[in-house]
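What's in final_11.cif: mmCIF, C-alpha atoms
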data_final
#
loop_
_atom_site.group_PDB
_atom_site.id
_atom_site.type_symbol
_atom_site.label_atom_id
_atom_site.label_comp_id
_atom_site.auth_asym_id
_atom_site.auth_seq_id
_atom_site.Cartn_x
_atom_site.Cartn_y
_atom_site.Cartn_z
ATOM 1 C CA MET A 104 -71.326 -142.502 103.644
ATOM 2 C CA VAL A 105 -74.586 -140.735 104.458
ATOM 3 C CA ASP A 106 -76.111 -141.298 107.881
ATOM 4 C CA VAL A 107 -79.874 -141.858 108.056
ATOM 5 C CA LYS A 108 -81.120 -140.254 111.248
ATOM 6 C CA LEU A 109 -84.388 -140.658 113.117
ATOM 7 C CA PRO A 110 -86.353 -137.402 112.652
ATOM 8 C CA VAL A 111 -88.597 -135.580 115.112
ATOM 9 C CA LEU A 112 -92.043 -137.057 114.433
ATOM 10 C CA ALA A 113 -94.056 -135.045 116.963
ATOM 11 C CA GLU A 114 -93.540 -132.357 119.554
ATOM 12 C CA GLY A 115 -92.395 -133.805 122.866
ATOM 13 C CA VAL A 116 -91.714 -137.226 121.361
ATOM 14 C CA ASP A 117 -88.075 -138.227 121.707
ATOM 15 C CA LYS A 118 -88.133 -141.758 120.290
ATOM 16 C CA ALA A 119 -89.804 -144.071 117.768
ATOM 17 C CA SER A 120 -89.662 -147.727 116.774
ATOM 18 C CA VAL A 121 -88.589 -149.182 113.469
ATOM 19 C CA SER A 122 -91.568 -151.131 112.131
ATOM 20 C CA TYR A 123 -90.447 -152.069 108.622
ATOM 21 C CA TRP A 124 -87.364 -151.823 106.420
ATOM 22 C CA HIS A 125 -88.422 -151.320 102.800
ATOM 23 C CA LYS A 126 -84.881 -152.243 101.674
ATOM 24 C CA ASN A 127 -82.330 -154.869 102.667
ATOM 25 C CA VAL A 128 -78.647 -154.311 103.286
ATOM 26 C CA GLY A 129 -76.923 -154.377 99.901
ATOM 27 C CA ASP A 130 -79.969 -153.041 97.998
ATOM 28 C CA ALA A 131 -79.613 -150.047 95.720
ATOM 29 C CA VAL A 132 -81.610 -147.049 96.963
ATOM 30 C CA LYS A 133 -82.605 -143.842 95.269
ATOM 31 C CA GLU A 134 -82.953 -140.506 97.034
ATOM 32 C CA GLY A 135 -86.628 -140.067 97.973
ATOM 33 C CA ASP A 136 -87.504 -143.781 97.893
ATOM 34 C CA ASP A 137 -89.296 -145.184 100.931
ATOM 35 C CA LEU A 138 -86.464 -146.546 103.052
ATOM 36 C CA VAL A 139 -87.733 -147.313 106.525
ATOM 37 C CA GLU A 140 -91.095 -147.162 108.266
ATOM 38 C CA LEU A 141 -91.116 -145.809 111.817
ATOM 39 C CA VAL A 142 -93.966 -145.944 114.303
ATOM 40 C CA THR A 143 -95.016 -143.697 117.163
ATOM 41 C CA ASP A 144 -98.292 -144.240 119.008
ATOM 42 C CA LYS A 145 -100.885 -144.915 116.277
ATOM 43 C CA ALA A 146 -98.933 -143.383 113.415
ATOM 44 C CA THR A 147 -96.465 -144.824 110.954
ATOM 45 C CA PHE A 148 -93.962 -142.647 109.114
ATOM 46 C CA ASN A 149 -92.139 -143.681 105.968
ATOM 47 C CA LEU A 150 -88.760 -142.016 105.944
ATOM 48 C CA PRO A 151 -87.420 -141.446 102.440
ATOM 49 C CA SER A 152 -83.806 -142.190 101.641
ATOM 50 C CA PRO A 153 -81.704 -139.010 102.013
ATOM 51 C CA ALA A 154 -79.318 -140.101 99.239
ATOM 52 C CA SER A 155 -78.860 -142.462 96.303
ATOM 53 C CA GLY A 156 -76.466 -145.385 96.653
ATOM 54 C CA THR A 157 -76.439 -148.701 98.455
ATOM 55 C CA LEU A 158 -77.938 -149.487 101.857
ATOM 56 C CA LYS A 159 -74.660 -150.406 103.572
ATOM 57 C CA GLU A 160 -75.703 -150.915 107.156
ATOM 58 C CA VAL A 161 -78.914 -151.204 109.187
ATOM 59 C CA ILE A 162 -78.245 -150.137 112.760
ATOM 60 C CA VAL A 163 -81.760 -150.293 114.216
ATOM 61 C CA ASN A 164 -83.665 -153.471 113.356
ATOM 62 C CA GLU A 165 -87.416 -153.995 113.017
ATOM 63 C CA GLY A 166 -89.086 -153.949 116.419
ATOM 64 C CA GLU A 167 -86.306 -151.923 118.032
ATOM 65 C CA GLU A 168 -86.616 -148.413 119.401
ATOM 66 C CA ALA A 169 -84.314 -145.462 118.764
ATOM 67 C CA LYS A 170 -84.010 -141.897 119.990
ATOM 68 C CA VAL A 171 -84.563 -138.841 117.826
ATOM 69 C CA GLY A 172 -81.292 -138.016 116.060
ATOM 70 C CA ALA A 173 -79.965 -141.574 116.344
ATOM 71 C CA ILE A 174 -78.390 -143.070 113.234
ATOM 72 C CA VAL A 175 -80.633 -145.897 112.020
ATOM 73 C CA ALA A 176 -78.738 -146.785 108.828
ATOM 74 C CA ARG A 177 -75.885 -145.811 106.549
ATOM 75 C CA ILE A 178 -75.982 -145.351 102.795
ATOM 76 C CA GLY A 179 -72.821 -145.468 100.710
ATOM 77 C CA MET B 180 -110.053 -132.821 96.021
ATOM 78 C CA ILE B 181 -112.667 -134.727 98.010
ATOM 79 C CA LEU B 182 -113.616 -138.203 96.813
ATOM 80 C CA ASN B 183 -116.773 -139.901 98.070
ATOM 81 C CA LEU B 184 -116.208 -143.531 97.068
ATOM 82 C CA GLY B 185 -119.324 -144.981 98.715
ATOM 83 C CA LEU B 186 -119.075 -148.653 99.788
ATOM 84 C CA THR B 187 -115.702 -150.150 98.836
ATOM 85 C CA ASP B 188 -113.491 -153.139 99.470
ATOM 86 C CA TYR B 189 -110.617 -152.098 101.720
ATOM 87 C CA GLU B 190 -108.004 -152.708 99.029
ATOM 88 C CA LYS B 191 -109.718 -150.493 96.470
ATOM 89 C CA ALA B 192 -109.792 -147.497 98.810
ATOM 90 C CA TYR B 193 -106.187 -148.221 99.849
ATOM 91 C CA LEU B 194 -105.092 -148.095 96.218
ATOM 92 C CA ALA B 195 -106.951 -144.817 95.744
ATOM 93 C CA GLN B 196 -105.138 -143.394 98.791
ATOM 94 C CA CYS B 197 -101.746 -144.487 97.447
ATOM 95 C CA GLN B 198 -102.482 -142.765 94.138
ATOM 96 C CA LEU B 199 -103.457 -139.565 95.931
ATOM 97 C CA VAL B 200 -100.331 -139.740 98.137
ATOM 98 C CA SER B 201 -98.091 -140.080 95.068
ATOM 99 C CA ARG B 202 -99.783 -137.209 93.310
ATOM 100 C CA ARG B 203 -99.718 -135.044 96.440
ATOM 101 C CA ARG B 204 -95.974 -135.698 96.868
ATOM 102 C CA LEU B 205 -95.407 -134.660 93.248
ATOM 103 C CA GLY B 206 -97.424 -131.494 93.830
ATOM 104 C CA GLU B 207 -100.002 -132.455 91.192
ATOM 105 C CA ILE B 208 -102.894 -132.042 93.627
ATOM 106 C CA GLY B 209 -103.543 -130.113 96.820
ATOM 107 C CA ASP B 210 -104.554 -131.546 100.180
ATOM 108 C CA SER B 211 -107.319 -134.049 99.568
ATOM 109 C CA MET B 212 -109.460 -136.638 101.286
ATOM 110 C CA ILE B 213 -111.432 -139.789 100.660
ATOM 111 C CA ILE B 214 -114.637 -140.712 102.419
ATOM 112 C CA THR B 215 -115.920 -144.271 102.164
ATOM 113 C CA GLU B 216 -117.490 -147.241 103.919
ATOM 114 C CA HIS B 217 -115.930 -150.688 103.686
ATOM 115 C CA ASN B 218 -117.310 -154.144 103.166
ATOM 116 C CA PRO B 219 -116.728 -156.120 106.400
ATOM 117 C CA VAL B 220 -113.012 -156.534 107.152
ATOM 118 C CA PHE B 221 -110.702 -156.733 110.143
ATOM 119 C CA THR B 222 -107.432 -154.844 109.738
ATOM 120 C CA ILE B 223 -104.381 -155.105 111.934
ATOM 121 C CA GLY B 224 -101.848 -152.278 112.046
ATOM 122 C CA ARG B 225 -98.084 -152.316 112.478
ATOM 123 C CA THR B 226 -98.159 -152.418 116.255
ATOM 124 C CA GLY B 227 -100.923 -155.004 116.358
ATOM 125 C CA ARG B 228 -100.785 -158.442 117.942
ATOM 126 C CA ARG B 229 -102.470 -161.491 116.451
ATOM 127 C CA GLU B 230 -103.756 -162.629 119.833
ATOM 128 C CA ASN B 231 -106.150 -159.665 119.754
ATOM 129 C CA MET B 232 -108.082 -161.561 117.058
ATOM 130 C CA LEU B 233 -110.396 -163.819 119.055
ATOM 131 C CA ALA B 234 -112.161 -165.603 116.183
ATOM 132 C CA ASP B 235 -110.645 -168.438 114.155
ATOM 133 C CA SER B 236 -110.703 -168.580 110.362
ATOM 134 C CA ARG B 237 -113.874 -170.729 110.361
ATOM 135 C CA GLN B 238 -115.798 -168.202 112.444
ATOM 136 C CA MET B 239 -114.558 -165.398 110.206
ATOM 137 C CA ARG B 240 -115.601 -167.272 107.074
ATOM 138 C CA LYS B 241 -119.077 -167.830 108.525
ATOM 139 C CA ARG B 242 -119.510 -164.102 108.936
ATOM 140 C CA GLY B 243 -117.930 -163.318 105.576
ATOM 141 C CA VAL B 244 -115.089 -161.277 106.968
ATOM 142 C CA ARG B 245 -111.318 -161.381 106.433
ATOM 143 C CA LEU B 246 -108.293 -160.201 108.397
ATOM 144 C CA ILE B 247 -105.653 -158.190 106.565
ATOM 145 C CA GLU B 248 -102.405 -156.615 107.695
ATOM 146 C CA VAL B 249 -102.054 -152.936 106.890
ATOM 147 C CA ASP B 250 -99.325 -150.303 107.158
ATOM 148 C CA ARG B 251 -100.994 -147.862 109.531
ATOM 149 C CA GLY B 252 -100.166 -147.397 113.172
ATOM 150 C CA GLY B 253 -102.284 -149.092 115.804
ATOM 151 C CA ASP B 254 -103.659 -152.542 116.520
ATOM 152 C CA ILE B 255 -106.702 -154.468 115.280
ATOM 153 C CA THR B 256 -110.040 -152.969 114.317
ATOM 154 C CA PHE B 257 -113.165 -153.703 112.324
ATOM 155 C CA HIS B 258 -114.584 -151.852 109.325
ATOM 156 C CA GLY B 259 -118.034 -152.492 107.914
ATOM 157 C CA PRO B 260 -121.082 -150.851 106.355
ATOM 158 C CA GLY B 261 -122.414 -148.042 108.533
ATOM 159 C CA GLN B 262 -118.959 -146.900 109.592
ATOM 160 C CA LEU B 263 -117.553 -143.817 107.876
ATOM 161 C CA LEU B 264 -113.866 -143.835 106.984
ATOM 162 C CA LEU B 265 -112.118 -140.541 106.438
ATOM 163 C CA TYR B 266 -108.754 -140.817 104.732
ATOM 164 C CA PRO B 267 -107.144 -137.367 104.484
ATOM 165 C CA VAL B 268 -104.135 -137.012 102.191
ATOM 166 C CA VAL B 269 -102.566 -133.837 103.545
ATOM 167 C CA ASP B 270 -99.001 -132.575 103.559
ATOM 168 C CA LEU B 271 -97.899 -132.105 107.162
ATOM 169 C CA LYS B 272 -94.732 -130.285 106.046
ATOM 170 C CA ALA B 273 -96.938 -127.208 105.764
ATOM 171 C CA ARG B 274 -98.550 -127.990 109.132
ATOM 172 C CA GLY B 275 -95.614 -128.178 111.502
ATOM 173 C CA ARG B 276 -94.469 -131.771 110.865
ATOM 174 C CA ASP B 277 -96.186 -133.265 113.905
ATOM 175 C CA LEU B 278 -97.876 -136.675 113.620
ATOM 176 C CA HIS B 279 -99.371 -136.522 117.095
ATOM 177 C CA ARG B 280 -100.875 -133.074 116.586
ATOM 178 C CA TYR B 281 -102.394 -134.405 113.347
ATOM 179 C CA MET B 282 -104.035 -137.254 115.280
ATOM 180 C CA ARG B 283 -105.457 -134.726 117.765
ATOM 181 C CA ASP B 284 -106.865 -132.841 114.723
ATOM 182 C CA LEU B 285 -108.570 -136.027 113.524
ATOM 183 C CA GLU B 286 -110.066 -136.425 116.998
ATOM 184 C CA SER B 287 -111.403 -132.860 116.684
ATOM 185 C CA VAL B 288 -113.057 -133.792 113.389
ATOM 186 C CA ALA B 289 -114.898 -136.671 115.088
ATOM 187 C CA ILE B 290 -115.770 -134.625 118.192
ATOM 188 C CA ASN B 291 -117.227 -131.797 116.072
ATOM 189 C CA PHE B 292 -119.126 -134.328 113.953
ATOM 190 C CA LEU B 293 -120.693 -135.887 117.065
ATOM 191 C CA ASN B 294 -121.455 -132.425 118.466
ATOM 192 C CA SER B 295 -123.484 -131.736 115.327
ATOM 193 C CA TYR B 296 -125.797 -134.529 116.503
ATOM 194 C CA GLY B 297 -125.942 -133.069 120.011
ATOM 195 C CA ILE B 298 -123.503 -135.586 121.473
ATOM 196 C CA ILE B 299 -120.735 -134.578 123.850
ATOM 197 C CA ALA B 300 -117.649 -136.614 122.989
ATOM 198 C CA GLU B 301 -114.194 -136.513 124.521
ATOM 199 C CA ARG B 302 -110.568 -137.508 124.267
ATOM 200 C CA ILE B 303 -108.949 -139.719 126.895
ATOM 201 C CA ASP B 304 -105.282 -139.010 127.573
ATOM 202 C CA GLY B 305 -103.064 -141.784 126.261
ATOM 203 C CA LYS B 306 -105.929 -143.504 124.436
ATOM 204 C CA THR B 307 -106.055 -142.100 120.919
ATOM 205 C CA GLY B 308 -109.631 -142.010 119.641
ATOM 206 C CA VAL B 309 -112.944 -140.435 120.593
ATOM 207 C CA TRP B 310 -115.125 -141.586 123.436
ATOM 208 C CA VAL B 311 -118.697 -141.063 124.620
ATOM 209 C CA GLY B 312 -119.516 -142.008 128.197
ATOM 210 C CA GLY B 313 -116.479 -144.299 128.351
ATOM 211 C CA SER B 314 -117.285 -146.145 125.117
ATOM 212 C CA LYS B 315 -115.267 -145.716 121.951
ATOM 213 C CA VAL B 316 -117.062 -144.319 118.932
ATOM 214 C CA ALA B 317 -114.180 -143.248 116.675
ATOM 215 C CA SER B 318 -110.762 -144.791 116.074
ATOM 216 C CA ILE B 319 -107.587 -143.433 114.544
ATOM 217 C CA GLY B 320 -104.655 -145.079 112.820
ATOM 218 C CA VAL B 321 -102.536 -143.053 110.444
ATOM 219 C CA GLY B 322 -99.606 -143.381 108.130
ATOM 220 C CA ALA B 323 -97.411 -140.848 106.377
ATOM 221 C CA LYS B 324 -94.994 -140.990 103.493
ATOM 222 C CA ASP B 325 -92.507 -138.182 103.959
ATOM 223 C CA TRP B 326 -95.197 -136.175 105.825
ATOM 224 C CA VAL B 327 -98.005 -136.813 103.321
ATOM 225 C CA THR B 328 -100.700 -138.662 105.244
ATOM 226 C CA PHE B 329 -102.862 -141.666 104.465
ATOM 227 C CA HIS B 330 -105.168 -143.948 106.477
ATOM 228 C CA GLY B 331 -107.009 -141.845 109.088
ATOM 229 C CA LEU B 332 -110.250 -141.857 111.040
ATOM 230 C CA SER B 333 -113.147 -144.301 111.409
ATOM 231 C CA VAL B 334 -116.439 -143.226 112.972
ATOM 232 C CA ASN B 335 -119.074 -145.775 113.953
ATOM 233 C CA VAL B 336 -122.289 -144.245 112.663
ATOM 234 C CA ASP B 337 -124.780 -147.108 112.299
ATOM 235 C CA ILE B 338 -122.631 -150.251 112.152
ATOM 236 C CA ASP B 339 -123.255 -153.829 113.336
ATOM 237 C CA LEU B 340 -121.281 -153.648 116.595
ATOM 238 C CA SER B 341 -121.357 -157.434 117.132
ATOM 239 C CA TYR B 342 -118.247 -157.835 114.926
ATOM 240 C CA PHE B 343 -116.200 -156.008 117.559
ATOM 241 C CA SER B 344 -116.814 -158.882 119.990
ATOM 242 C CA MET B 345 -114.599 -161.024 117.710
ATOM 243 C CA ILE B 346 -111.544 -158.892 118.595
ATOM 244 C CA TYR B 347 -109.937 -156.909 121.374
ATOM 245 C CA PRO B 348 -110.502 -153.583 119.595
ATOM 246 C CA CYS B 349 -107.279 -151.559 119.407
ATOM 247 C CA GLY B 350 -105.678 -154.332 121.467
ATOM 248 C CA MET B 351 -107.476 -153.177 124.606
ATOM 249 C CA ARG B 352 -109.269 -155.554 126.965
ATOM 250 C CA GLY B 353 -112.654 -154.592 128.374
ATOM 251 C CA ILE B 354 -113.222 -151.840 125.844
ATOM 252 C CA LYS B 355 -116.794 -151.175 124.750
ATOM 253 C CA MET B 356 -117.388 -149.937 121.225
ATOM 254 C CA THR B 357 -120.458 -147.864 120.466
ATOM 255 C CA SER B 358 -122.006 -146.019 117.536
ATOM 256 C CA LEU B 359 -123.888 -142.833 116.854
ATOM 257 C CA ALA B 360 -127.065 -144.895 116.261
ATOM 258 C CA GLU B 361 -126.653 -146.754 119.558
ATOM 259 C CA ILE B 362 -126.041 -143.537 121.486
ATOM 260 C CA LEU B 363 -129.073 -141.783 119.997
ATOM 261 C CA GLY B 364 -131.284 -144.888 119.782
ATOM 262 C CA VAL B 365 -132.362 -144.076 116.231
ATOM 263 C CA ASP B 366 -131.350 -145.019 112.677
ATOM 264 C CA ILE B 367 -128.922 -142.603 111.058
ATOM 265 C CA ASP B 368 -128.921 -141.506 107.413
ATOM 266 C CA LEU B 369 -125.424 -142.406 106.214
ATOM 267 C CA ASN B 370 -125.430 -139.998 103.267
ATOM 268 C CA MET B 371 -126.264 -137.080 105.512
ATOM 269 C CA ALA B 372 -123.674 -138.261 108.043
ATOM 270 C CA ALA B 373 -121.023 -138.399 105.315
ATOM 271 C CA GLU B 374 -121.839 -134.831 104.295
ATOM 272 C CA LYS B 375 -121.571 -133.662 107.903
ATOM 273 C CA LEU B 376 -118.269 -135.458 108.408
ATOM 274 C CA ILE B 377 -116.873 -133.822 105.269
ATOM 275 C CA VAL B 378 -117.937 -130.383 106.531
ATOM 276 C CA CYS B 379 -116.230 -131.005 109.891
ATOM 277 C CA ALA B 380 -113.065 -132.324 108.217
ATOM 278 C CA LYS B 381 -112.889 -129.369 105.832
ATOM 279 C CA ARG B 382 -113.158 -126.938 108.757
ATOM 280 C CA VAL B 383 -110.545 -128.643 110.949
ATOM 281 C CA LEU B 384 -108.096 -129.710 108.239
ATOM 282 C CA GLY B 385 -108.718 -126.904 105.757
ATOM 283 C CA VAL B 386 -109.026 -129.267 102.796
ATOM 284 C CA GLY B 387 -110.327 -127.666 99.603
ATOM 285 C CA ASP B 388 -113.581 -128.054 97.708
ATOM 286 C CA GLY B 389 -114.682 -130.262 94.859
ATOM 287 C CA ILE B 390 -116.596 -133.365 95.896
ATOM 288 C CA PHE B 391 -116.485 -136.219 93.403
ATOM 289 C CA ALA B 392 -118.841 -139.173 93.623
ATOM 290 C CA GLY B 393 -116.959 -142.253 92.454
ATOM 291 C CA THR B 394 -113.345 -142.075 91.486
ATOM 292 C CA PRO B 395 -112.017 -139.811 88.744
ATOM 293 C CA LEU B 396 -108.517 -141.048 89.582
ATOM 294 C CA GLY B 397 -108.127 -143.157 86.451
ATOM 295 C CA ALA B 398 -109.103 -140.273 84.210
ATOM 296 C CA ALA B 399 -106.929 -137.801 86.084
ATOM 297 C CA ALA B 400 -103.794 -139.985 86.267
#
Entire entry expressed as structure tokens:
Amino acid sequence: MVDVKLPVLAEGVDKASVSYWHKNVGDAVKEGDDLVELVTDKATFNLPSPASGTLKEVIVNEGEEAKVGAIVARIG
Amino acid sequence: MILNLGLTDYEKAYLAQCQLVSRRRLGEIGDSMIITEHNPVFTIGRTGRRENMLADSRQMRKRGVRLIEVDRGGDITFHGPGQLLLYPVVDLKARGRDLHRYMRDLESVAINFLNSYGIIAERIDGKTGVWVGGSKVASIGVGAKDWVTFHGLSVNVDIDLSYFSMIYPCGMRGIKMTSLAEILGVDIDLNMAAEKLIVCAKRVLGVGDGIFAGTPLGAAA
């Protein structure tokens, strides 16, 4: 399993919200594909998948907030 | 690469941005930007709320304007002729990976542009955008795909401001939108304004030369 973690999006910003999941649980994902869109202030950030495999688990749902470093999903 | 697309439908310029983002991510092109004006359209970003649209579909149809949902940050705004859109496609991996600093850079582009017309413009803490005397003249909503940016900056140059009364711009109540033409009380040459905005963007963002009128994207792809 590979953990997908929320990256640092800006200096001094310690959290972001999940605005859109490009994939559903059970979908095949390829490394580098858009996986999840995050939002901070007036910016969105599309986080690419860190690995190829299957999106096994979504931990932070659309509309929810997470801290930098938090695991937002798992890929297996 | 700098593309001056002239007046476009929102979707056409969006597609052009997506093509540039893909090519930038593959390393086929360097940092680039698009400058354009849009036919009248309301766009609502990812953090937008529908209740900030005050007009119903009949009123929108009467004025020939649509509402579309887009994948930038921010709430609702209006784009129309006389407003310059700057869509930089730059790789922030080489610029410290900081989305907020990038938005401050876009504010600097607008502030420098307004300065070139003798206007003192400012930031307001916590309210992304550029303001003159308490009124908003430039708005920002950005997106990034793995640190390569799209969407960007809109500057009201000589735009019909009445459309903004159909929304709560940026989701804020009591906000007054203004334009360069309103501030100066004169008509503004849009072509000259576009050239000035490009100069300011090149200085602040360090985007390279080569201005194309129209889109060579099809030929280059």
### Query
Can you list, as a ChimeraX atom specification, the residues that the PyMOL selection byres ((chain A) within 7 of (chain B)) selects here?
/A:112-114,122,142,144-151
### Task
Please evaluate the PyMOL selection byres ((chain A and resi 165-172) around 7) against the displayed coordinates and give the resulting residues as a list of chain:residue names.
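This file, filtered by the PyMOL selection byres ((chain A and resi 165-172) around 7), leaves A:Lys108, A:Leu109, A:Pro110, A:Val111, A:Asp117, A:Lys118, A:Ala119, A:Ser120, A:Val121, A:Ser122, A:Tyr123, A:Trp124, A:Val163, A:Asn164, A:Ala173, A:Ile174.
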May I have the centre and edge lengths, in Å to one decimal, of an axis-aligned box around the listed atoms of range 116-134 of chain A with 6 Å added to every side, as lines of an AutoDock Vina configuration file?
center_x = -84.3
center_y = -146.0
center_z = 108.5
size_x = 26.8
size_y = 29.6
size_z = 38.4
### Task
Taking the file as shown, find all residues satisfying the PyMOL selection byres ((chain B and resi 223) around 7) and write them as a list of chain:residue names.
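Taken on the displayed file, the PyMOL selection byres ((chain B and resi 223) around 7) yields the residues B:Phe221, B:Thr222, B:Gly224, B:Arg225, B:Gly227, B:Ile247, B:Glu248, B:Val249, B:Asp254, B:Ile255, B:Thr256.
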### Selected residue, from B:Asp210, B:Pro219, B:Cys379, B:Tyr296, that lies nearest to Ala273 in chain B when counting all atoms listed in the file
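The shortest atom-to-atom distance to Ala273 in chain B comes from B:Asp210.
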### All residues 8 Å or closer to Gly135 in chain A, only C-alpha atoms, same chain fewer than 5 positions away omitted, as a PyMOL selection string
chain A and resi 151-154
#### Entry: Point (-76.3, -151.4, 100.8) neighbourhood (12 Å, all atoms listed in the file) written as a list in words
Met104, Val105, Lys126, Asn127, Val128, Gly129, Asp130, Ala131, Val132, Lys133, Leu138, Ser152, Ala154, Ser155, Gly156, Thr157, Leu158, Lys159, Glu160, Val161, Ala176, Arg177, Ile178 and Gly179 of chain A
#### Entry: Residue contacts of His217 in chain B (6 Å, only C-alpha atoms) excluding same-chain residues fewer than 2 positions away, as a list in words
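So the residues in contact are Leu186, Thr187, Asp188, Tyr189, His258, Gly259 and Pro260 of chain B.
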### Query
Which residues, written as a PyMOL selection string, have at least one atom at most 8 Å from His125 in chain A, with only C-alpha atoms counted and residues fewer than 5 positions away on the same chain left out?
chain A and resi 137-140
